[in-house]
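Okay, structure first, notes after.
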Number of protein chains: 2
Amino acid sequence: MTIPLASELVIQFNKLQTRFVKRIDAQLSVHGISYTEYMVMYYLNGAENDSLRRVELAEFVGLSASGITRMLMPMQKMGLVQKDSSHRDARVSLVKLTLAGKSIFNDAQKSFNHTTAALTRSMTDKQQQKFLALTQQLFS
Amino acid sequence: MTIPLASELVIQFNKLQTRFVKRIDAQLSVHGISYTEYMVMYYLNGAENDSLRRVELAEFVGLSASGITRMLMPMQKMGLVQKDSSHRDARVSLVKLTLAGKSIFNDAQKSFNHTTAALTRSMTDKQQQKFLALTQQLFS
DNA sequence: GATATATACTTGCTCAATCAATTATATACA
DNA sequence: TGTATATAATTGATTGAGCAAGTATATATC
């Protein structure tokens with residue numbers, strides 16, 4: 001049986017992504033954080049008011065609510081993030097980067113960008129743009 | 001700080017893949033198997049002599065050796081795969097699909113192909129080919 | 001205002017996967 | 001031949017994540 005194009009695409013795609021994350025994880029471990037933790041910090045860093053609610057964070061990072069709770073526990077213990085409560089809604093717990101967190105994120109970001117550049121160095125800029133555009137297209 | 005193209009690419013790429021796997025997992029659960037179990041069966045199905053060594057399987061699927069051992073245990077219990085020993089090398093344990101395993105794989109494959117087609121339906125065939133080619137290029 | 005429903009988060013339990021250590025066997029070489 | 005090293009697989013301990021259930025608070029409706 002010949003394998004359909006779409007399946008071949010998904011399988012190769014998945015394989016590549018697994019490889020990417022492993023490489024990035026290895027690099028980030030120098031800073032003591034994982035890929036997912038990096039993504040958490042990345043979104044917190046870019047958020048307005050420098051803070052996000054847990055559900056928002058979960059949505060961005062692609063984790064469940066409980067996944068976020070568990071992920072943040074050690075990060076808080078390490079002093080990377082801190083909790084704040086919302087005075088608008090007593091249910092929500094806002095998360096933000098601490099100063100130490102920001103500093104570590106800045107360092108990690110350099111590693112991250114460096115690694116992604118290495119991972120995609122077999123592509124020209126134009127190809128990367130094309131590839132990104134096609135990736136975006138698949139979201140719809 | 002503007003985010004570099006390569007990093008944007010990797011992040012979007014990762015996000016998309018997570019989404020893909022979730023959708024496929026949901027579909028495959030009808031057949032009682034996960035994405036990774038599907039991949040195991042997929043490689044076993046395509047292997048010559050219908051069997052693979054655990055290390056080979058691990059390499060293909062992108063798991064560690066122990067990951068494969070643990071993954072195969074329940075699959076064996078469910079009767080999807082069986083063990084064989086190699087007469088060339090007493091250390092190796094060959095894995096192959098059982099008849100039941102083949103049958104379930106065939107059903108699952110239909111679901112899988114159907115789902116991947118749905119996931120990529122926003123792309124023309126030509127775009128899919130382009131995308132696959134770019135993906136392959138990143139492996140080097 | 002009281003009751004029902006929805007939302008934000010946390011906790012207990014479970015599963016999948018990893019690493020490090022272990023066992024068994026194979027290969028290399030002094 | 002015997003000893004060191006390498007390889008295949010498994011096992012114990014740990015981690016990351018999910019789901020289902022629970023708690024606290026908010027909103028909607030009667």
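Labeling convention for the structure tokens: chains A, B, ... as they appear, residues from 1 per chain, ligands from 1 in order of appearance.
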- Would you list the contacts of DA28 (chain C) as a PyMOL selection string, taking every protein, DNA or RNA residue within 12 Å and counting only C-alpha atoms (C1' of nucleotides), but skipping same-chain residues closer than 3 positions in sequence? chain D and resi 2-6
Residues of chain D that have any atom at most 8 Å from an atom of chain A: could you tabulate them with the shortest-distance atom pair and the distance in Å to one decimal, using only C-alpha atoms (C1' of nucleotides), ordered by chain and increasing number, as a Markdown table?
```
| residue | atom | partner | partner_atom | distance |
| --- | --- | --- | --- | --- |
| D:DA17 | C1' | A:Gly67 | CA | 5.9 |
| D:DG18 | C1' | A:Ser64 | CA | 7.4 |
| D:DA24 | C1' | A:Arg91 | CA | 6.9 |
| D:DT25 | C1' | A:Arg91 | CA | 5.5 |
| D:DA26 | C1' | A:Asp89 | CA | 7.7 |
```
- Task: Quick one: everything within 12 Å of DT14 (chain D), counting only C-alpha atoms (C1' of nucleotides), minus sequence neighbours fewer than 5 positions away in the same chain. Send it as a list of chain:residue names.
- Result: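 With the cut-off at 12 Å, the set is C:DA17, C:DT18, C:DC19, C:DA20.
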- Selection: 10 Å around DT5 (chain C), only C-alpha atoms (C1' of nucleotides), excl. self and same-chain fewer than 5 positions, as a PyMOL selection string: chain D and resi 27-29
Could you write out that same residue set with N, CA, C and O atoms (P, O5', C5', C4', C3', O3' and C1' of nucleotides) as a PDB file, in the first residue's frame?
```
ATOM      1  P    DT D  27     -18.440  38.264  37.324  1.00  0.00           P
ATOM      2  O5'  DT D  27     -19.719  37.483  36.764  1.00  0.00           O
ATOM      3  C5'  DT D  27     -19.557  36.601  35.660  1.00  0.00           C
ATOM      4  C4'  DT D  27     -20.870  35.930  35.362  1.00  0.00           C
ATOM      5  C3'  DT D  27     -22.030  36.891  35.062  1.00  0.00           C
ATOM      6  O3'  DT D  27     -22.628  36.428  33.872  1.00  0.00           O
ATOM      7  C1'  DT D  27     -22.681  35.304  36.655  1.00  0.00           C
ATOM      8  P    DA D  28     -23.746  37.261  33.095  1.00  0.00           P
ATOM      9  O5'  DA D  28     -24.753  36.101  32.665  1.00  0.00           O
ATOM     10  C5'  DA D  28     -24.629  34.792  33.209  1.00  0.00           C
ATOM     11  C4'  DA D  28     -25.983  34.121  33.279  1.00  0.00           C
ATOM     12  C3'  DA D  28     -27.177  34.972  32.843  1.00  0.00           C
ATOM     13  O3'  DA D  28     -28.098  34.066  32.236  1.00  0.00           O
ATOM     14  C1'  DA D  28     -27.420  34.428  35.119  1.00  0.00           C
ATOM     15  P    DT D  29     -29.511  34.491  31.645  1.00  0.00           P
ATOM     16  O5'  DT D  29     -30.511  33.931  32.748  1.00  0.00           O
ATOM     17  C5'  DT D  29     -30.559  32.510  32.973  1.00  0.00           C
ATOM     18  C4'  DT D  29     -31.634  32.228  34.014  1.00  0.00           C
ATOM     19  C3'  DT D  29     -32.940  32.985  33.774  1.00  0.00           C
ATOM     20  O3'  DT D  29     -34.015  32.164  34.229  1.00  0.00           O
ATOM     21  C1'  DT D  29     -32.153  33.536  35.873  1.00  0.00           C
TER      22       DT D  29
END
```
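Closest approach to chain C from the set B:Phe112, B:Phe105, B:Phe139, B:Tyr35 is made by B:Tyr35, with distances taken over only C-alpha atoms (C1' of nucleotides).
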- Within region 19-98 of chain B, find each residue whose DSSP state, derived from the backbone, is strand (DSSP E), and express the selection as a list in words.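 Secondary structure check on region 19-98 of chain B, strand (DSSP E): Ser51, Leu52, Arg53, Val81, Gln82, Lys83, Asp84, Ser85, Ser93, Leu94, Val95, Lys96 and Leu97 of chain B.
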- Name the closest residue to chain C among the candidates B:Asn45, B:Ser34, B:Ser7, B:Gln17; distances are taken between atoms, counting only C-alpha atoms (C1' of nucleotides).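 Closest to chain C, using only C-alpha atoms (C1' of nucleotides): B:Ser34.
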- Message: Using only C-alpha atoms, I'd like every residue of chain A that has an atom within 8 Å of chain B; please write them out as JSON, numbers by chain.
- Response: {"A": [4, 5, 6, 7, 8, 9, 10, 12, 13, 14, 15, 16, 17, 18, 20, 61, 62, 112, 113, 116, 117, 119, 120, 122, 123, 127, 128, 129, 131, 132, 134, 135, 136, 137, 138, 139, 140]}
Only N, CA and C atoms, please: the residues just picked out, written as a short mmCIF file (atom, residue, chain, number, x, y, z; two decimals), in the first residue's frame.
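Final output, result31.cif:
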```
data_model
loop_
_atom_site.label_atom_id
_atom_site.label_comp_id
_atom_site.auth_asym_id
_atom_site.auth_seq_id
_atom_site.Cartn_x
_atom_site.Cartn_y
_atom_site.Cartn_z
N PRO A 4 -0.48 7.70 1.60
CA PRO A 4 -0.95 8.98 1.08
C PRO A 4 -0.01 10.13 1.44
N LEU A 5 -0.01 11.10 0.57
CA LEU A 5 0.86 12.27 0.77
C LEU A 5 0.63 12.93 2.12
N ALA A 6 -0.63 13.14 2.46
CA ALA A 6 -0.93 13.83 3.72
C ALA A 6 -0.38 13.07 4.92
N SER A 7 -0.46 11.73 4.88
CA SER A 7 0.05 10.94 6.00
C SER A 7 1.57 11.01 6.07
N GLU A 8 2.18 10.89 4.92
CA GLU A 8 3.63 11.02 4.85
C GLU A 8 4.06 12.36 5.43
N LEU A 9 3.34 13.37 5.06
CA LEU A 9 3.64 14.72 5.54
C LEU A 9 3.55 14.80 7.06
N VAL A 10 2.46 14.29 7.60
CA VAL A 10 2.27 14.36 9.04
C VAL A 10 3.33 13.56 9.79
N GLN A 12 6.43 12.71 8.79
CA GLN A 12 7.74 13.37 8.70
C GLN A 12 7.78 14.62 9.56
N PHE A 13 6.69 15.34 9.52
CA PHE A 13 6.54 16.55 10.30
C PHE A 13 6.73 16.26 11.78
N ASN A 14 6.05 15.23 12.23
CA ASN A 14 6.13 14.84 13.62
C ASN A 14 7.54 14.43 14.02
N LYS A 15 8.17 13.69 13.15
CA LYS A 15 9.53 13.23 13.40
C LYS A 15 10.48 14.41 13.55
N LEU A 16 10.34 15.33 12.64
CA LEU A 16 11.21 16.50 12.64
C LEU A 16 11.02 17.31 13.91
N GLN A 17 9.78 17.49 14.28
CA GLN A 17 9.48 18.30 15.45
C GLN A 17 10.05 17.67 16.71
N THR A 18 9.91 16.34 16.82
CA THR A 18 10.48 15.62 17.96
C THR A 18 11.97 15.89 18.04
N PHE A 20 13.62 18.42 16.77
CA PHE A 20 13.83 19.83 17.12
C PHE A 20 13.75 20.03 18.63
N VAL A 61 0.36 27.90 25.52
CA VAL A 61 1.41 26.89 25.54
C VAL A 61 0.89 25.53 25.06
N GLY A 62 -0.40 25.37 25.12
CA GLY A 62 -0.97 24.10 24.67
C GLY A 62 -1.01 23.04 25.76
N PHE A 112 18.14 29.83 22.64
CA PHE A 112 17.03 29.35 21.84
C PHE A 112 17.17 29.83 20.40
N ASN A 113 17.37 31.12 20.24
CA ASN A 113 17.50 31.67 18.89
C ASN A 113 18.70 31.08 18.15
N THR A 116 17.67 27.48 17.12
CA THR A 116 16.72 27.42 16.01
C THR A 116 17.41 27.82 14.70
N ALA A 117 18.32 28.78 14.80
CA ALA A 117 19.06 29.17 13.60
C ALA A 117 19.87 27.99 13.08
N LEU A 119 19.22 24.83 13.59
CA LEU A 119 18.32 23.79 13.10
C LEU A 119 17.79 24.08 11.70
N THR A 120 17.74 25.34 11.34
CA THR A 120 17.16 25.70 10.05
C THR A 120 18.21 26.22 9.07
N SER A 122 19.89 24.80 6.98
CA SER A 122 19.89 24.20 5.64
C SER A 122 18.88 24.89 4.72
N MET A 123 18.20 25.89 5.24
CA MET A 123 17.22 26.62 4.44
C MET A 123 17.63 28.06 4.26
N GLN A 127 13.17 30.36 1.90
CA GLN A 127 12.54 29.05 2.13
C GLN A 127 11.90 29.00 3.50
N GLN A 128 12.57 29.60 4.47
CA GLN A 128 12.00 29.63 5.81
C GLN A 128 10.69 30.40 5.82
N GLN A 129 10.68 31.50 5.10
CA GLN A 129 9.44 32.28 5.02
C GLN A 129 8.32 31.47 4.38
N PHE A 131 8.12 28.25 4.24
CA PHE A 131 7.77 27.15 5.15
C PHE A 131 6.87 27.65 6.28
N LEU A 132 7.21 28.79 6.83
CA LEU A 132 6.38 29.38 7.88
C LEU A 132 4.99 29.68 7.36
N LEU A 134 3.39 28.24 4.94
CA LEU A 134 2.66 26.98 4.76
C LEU A 134 2.22 26.42 6.11
N THR A 135 3.08 26.55 7.10
CA THR A 135 2.73 26.09 8.44
C THR A 135 1.51 26.85 8.95
N GLN A 136 1.55 28.16 8.80
CA GLN A 136 0.41 29.00 9.22
C GLN A 136 -0.86 28.55 8.52
N GLN A 137 -0.70 28.25 7.25
CA GLN A 137 -1.86 27.87 6.45
C GLN A 137 -2.54 26.62 7.03
N LEU A 138 -1.74 25.74 7.58
CA LEU A 138 -2.28 24.50 8.11
C LEU A 138 -3.10 24.69 9.38
N PHE A 139 -3.00 25.86 9.97
CA PHE A 139 -3.75 26.10 11.20
C PHE A 139 -5.25 26.29 10.92
N SER A 140 -5.55 26.67 9.70
CA SER A 140 -6.97 26.95 9.43
C SER A 140 -7.77 25.68 9.20
#
```
- Query: Which neighbours of DT10 (chain C) fall inside 9 Å, counting only C-alpha atoms (C1' of nucleotides), when residues of the same chain fewer than 6 positions from it are skipped, and could you give them as a list in words?
  - Reply: Ser66 and Thr69 of chain A; DG22 and DT23 of chain D
Could you save those same residues with C-alpha atoms (C1' of nucleotides) as a PDB file, in the first residue's frame?
```pdb
ATOM      1  CA  SER A  66      -3.707  21.261  35.598  1.00  0.00           C
ATOM      2  CA  THR A  69      -0.506  24.436  37.686  1.00  0.00           C
TER       3      THR A  69
ATOM      4  C1'  DG D  22     -13.280  19.029  44.134  1.00  0.00           C
ATOM      5  C1'  DT D  23     -13.163  23.972  45.940  1.00  0.00           C
TER       6       DT D  23
END
```
- Message: If I take CA of Leu28 (chain B) and CA of Ala108 (chain B), how far is one from the other in Å, to one decimal?
- Response: 6.4 Å
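If you look at CA of Val40 (chain B) and CA of Ser86 (chain B), they are 19.4 Å away from each other.
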- Could you pull out the alpha helix (DSSP H) residues of region 33-137 of chain B from DSSP and send them as a ChimeraX atom specification? /B:35-46,54-61,65-77,99-119,125-137
Take the residues from that selection and write them out as an mmCIF file, in the first residue's frame, keeping C-alpha atoms.
```cif
data_model
loop_
_atom_site.group_PDB
_atom_site.id
_atom_site.type_symbol
_atom_site.label_atom_id
_atom_site.label_comp_id
_atom_site.auth_asym_id
_atom_site.auth_seq_id
_atom_site.Cartn_x
_atom_site.Cartn_y
_atom_site.Cartn_z
ATOM 1 C CA TYR B 35 -0.344 7.840 18.029
ATOM 2 C CA THR B 36 2.897 6.242 19.180
ATOM 3 C CA GLU B 37 1.414 2.769 19.128
ATOM 4 C CA TYR B 38 0.203 3.464 15.620
ATOM 5 C CA MET B 39 3.716 4.452 14.610
ATOM 6 C CA VAL B 40 5.101 1.257 16.097
ATOM 7 C CA MET B 41 2.636 -0.792 14.081
ATOM 8 C CA TYR B 42 3.267 1.296 11.006
ATOM 9 C CA TYR B 43 6.963 0.519 11.030
ATOM 10 C CA LEU B 44 6.421 -3.128 11.871
ATOM 11 C CA ASN B 45 3.940 -3.417 9.040
ATOM 12 C CA GLY B 46 6.413 -1.992 6.560
ATOM 13 C CA ARG B 54 13.692 -3.136 19.527
ATOM 14 C CA VAL B 55 16.551 -0.732 18.969
ATOM 15 C CA GLU B 56 15.564 -0.267 15.359
ATOM 16 C CA LEU B 57 11.997 0.373 16.346
ATOM 17 C CA ALA B 58 13.130 2.873 18.959
ATOM 18 C CA GLU B 59 15.163 4.705 16.350
ATOM 19 C CA PHE B 60 12.305 4.834 13.860
ATOM 20 C CA VAL B 61 9.670 5.890 16.324
ATOM 21 C CA ALA B 65 15.083 1.720 24.288
ATOM 22 C CA SER B 66 13.271 1.603 27.583
ATOM 23 C CA GLY B 67 10.403 3.551 26.118
ATOM 24 C CA ILE B 68 9.989 0.822 23.503
ATOM 25 C CA THR B 69 10.114 -1.928 26.096
ATOM 26 C CA ARG B 70 7.385 -0.223 28.088
ATOM 27 C CA MET B 71 5.286 0.573 25.049
ATOM 28 C CA LEU B 72 5.400 -3.007 23.782
ATOM 29 C CA MET B 73 4.426 -4.622 27.065
ATOM 30 C CA PRO B 74 0.734 -3.683 26.952
ATOM 31 C CA MET B 75 0.641 -4.124 23.166
ATOM 32 C CA GLN B 76 1.833 -7.669 23.633
ATOM 33 C CA LYS B 77 -0.704 -8.224 26.366
ATOM 34 C CA LEU B 99 -2.554 -11.401 12.761
ATOM 35 C CA ALA B 100 -4.894 -9.495 15.066
ATOM 36 C CA GLY B 101 -2.373 -6.667 15.125
ATOM 37 C CA LYS B 102 -2.304 -6.489 11.335
ATOM 38 C CA SER B 103 -6.033 -6.411 11.178
ATOM 39 C CA ILE B 104 -6.314 -3.621 13.720
ATOM 40 C CA PHE B 105 -3.554 -1.729 12.008
ATOM 41 C CA ASN B 106 -5.368 -1.909 8.697
ATOM 42 C CA ASP B 107 -8.458 -0.404 10.245
ATOM 43 C CA ALA B 108 -6.450 2.206 12.100
ATOM 44 C CA GLN B 109 -4.604 3.116 8.943
ATOM 45 C CA LYS B 110 -7.845 4.078 7.288
ATOM 46 C CA SER B 111 -8.678 6.388 10.185
ATOM 47 C CA PHE B 112 -5.189 7.771 10.181
ATOM 48 C CA ASN B 113 -5.189 8.546 6.481
ATOM 49 C CA HIS B 114 -8.596 10.046 6.745
ATOM 50 C CA THR B 115 -7.553 12.307 9.596
ATOM 51 C CA THR B 116 -4.332 13.458 7.971
ATOM 52 C CA ALA B 117 -6.292 14.291 4.838
ATOM 53 C CA ALA B 118 -8.653 16.383 6.926
ATOM 54 C CA LEU B 119 -5.769 18.094 8.714
ATOM 55 C CA ASP B 125 -1.596 18.719 -3.404
ATOM 56 C CA LYS B 126 1.174 20.802 -4.800
ATOM 57 C CA GLN B 127 1.523 22.756 -1.592
ATOM 58 C CA GLN B 128 1.640 19.529 0.376
ATOM 59 C CA GLN B 129 4.433 18.310 -1.835
ATOM 60 C CA LYS B 130 6.293 21.559 -1.329
ATOM 61 C CA PHE B 131 5.768 21.360 2.407
ATOM 62 C CA LEU B 132 6.973 17.787 2.562
ATOM 63 C CA ALA B 133 10.035 18.663 0.529
ATOM 64 C CA LEU B 134 10.891 21.528 2.866
ATOM 65 C CA THR B 135 10.386 19.254 5.857
ATOM 66 C CA GLN B 136 12.738 16.680 4.377
ATOM 67 C CA GLN B 137 15.256 19.397 3.728
#
```
- What gap, in Å, lies between CA of Ser85 (chain B) and C1' of DT7 (chain D)?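 These atoms are spaced 15.8 Å apart.
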What are the closest atom pairs, with distances in Å to one decimal, for each residue of chain C lying within 9 Å of chain A, using only C-alpha atoms (C1' of nucleotides), rows by chain and rising residue number, as a tab-separated table?
```
residue	atom	partner	partner_atom	distance
C:DT7	C1'	A:Arg91	CA	8.4
C:DA8	C1'	A:Arg91	CA	5.3
C:DC9	C1'	A:Arg91	CA	7.2
C:DT10	C1'	A:Ser66	CA	7.3
```
Export of the given selection (C-alpha atoms (C1' of nucleotides)) as an mmCIF file, in the first residue's frame:
```
data_model
loop_
_atom_site.group_PDB
_atom_site.id
_atom_site.type_symbol
_atom_site.label_atom_id
_atom_site.label_comp_id
_atom_site.auth_asym_id
_atom_site.auth_seq_id
_atom_site.Cartn_x
_atom_site.Cartn_y
_atom_site.Cartn_z
ATOM 1 C "C1'" DT C 7 -15.375 29.555 35.268
ATOM 2 C "C1'" DA C 8 -10.515 29.458 37.448
ATOM 3 C "C1'" DC C 9 -7.725 26.834 39.564
ATOM 4 C "C1'" DT C 10 -5.955 22.738 42.413
#
```
- Message: From the options C:DA24, C:DA30, C:DA16, C:DA2, which residue's atoms come nearest to DT1 (chain D), counting only C-alpha atoms (C1' of nucleotides)?
- Response: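 The shortest atom-to-atom distance to DT1 (chain D) comes from C:DA30.
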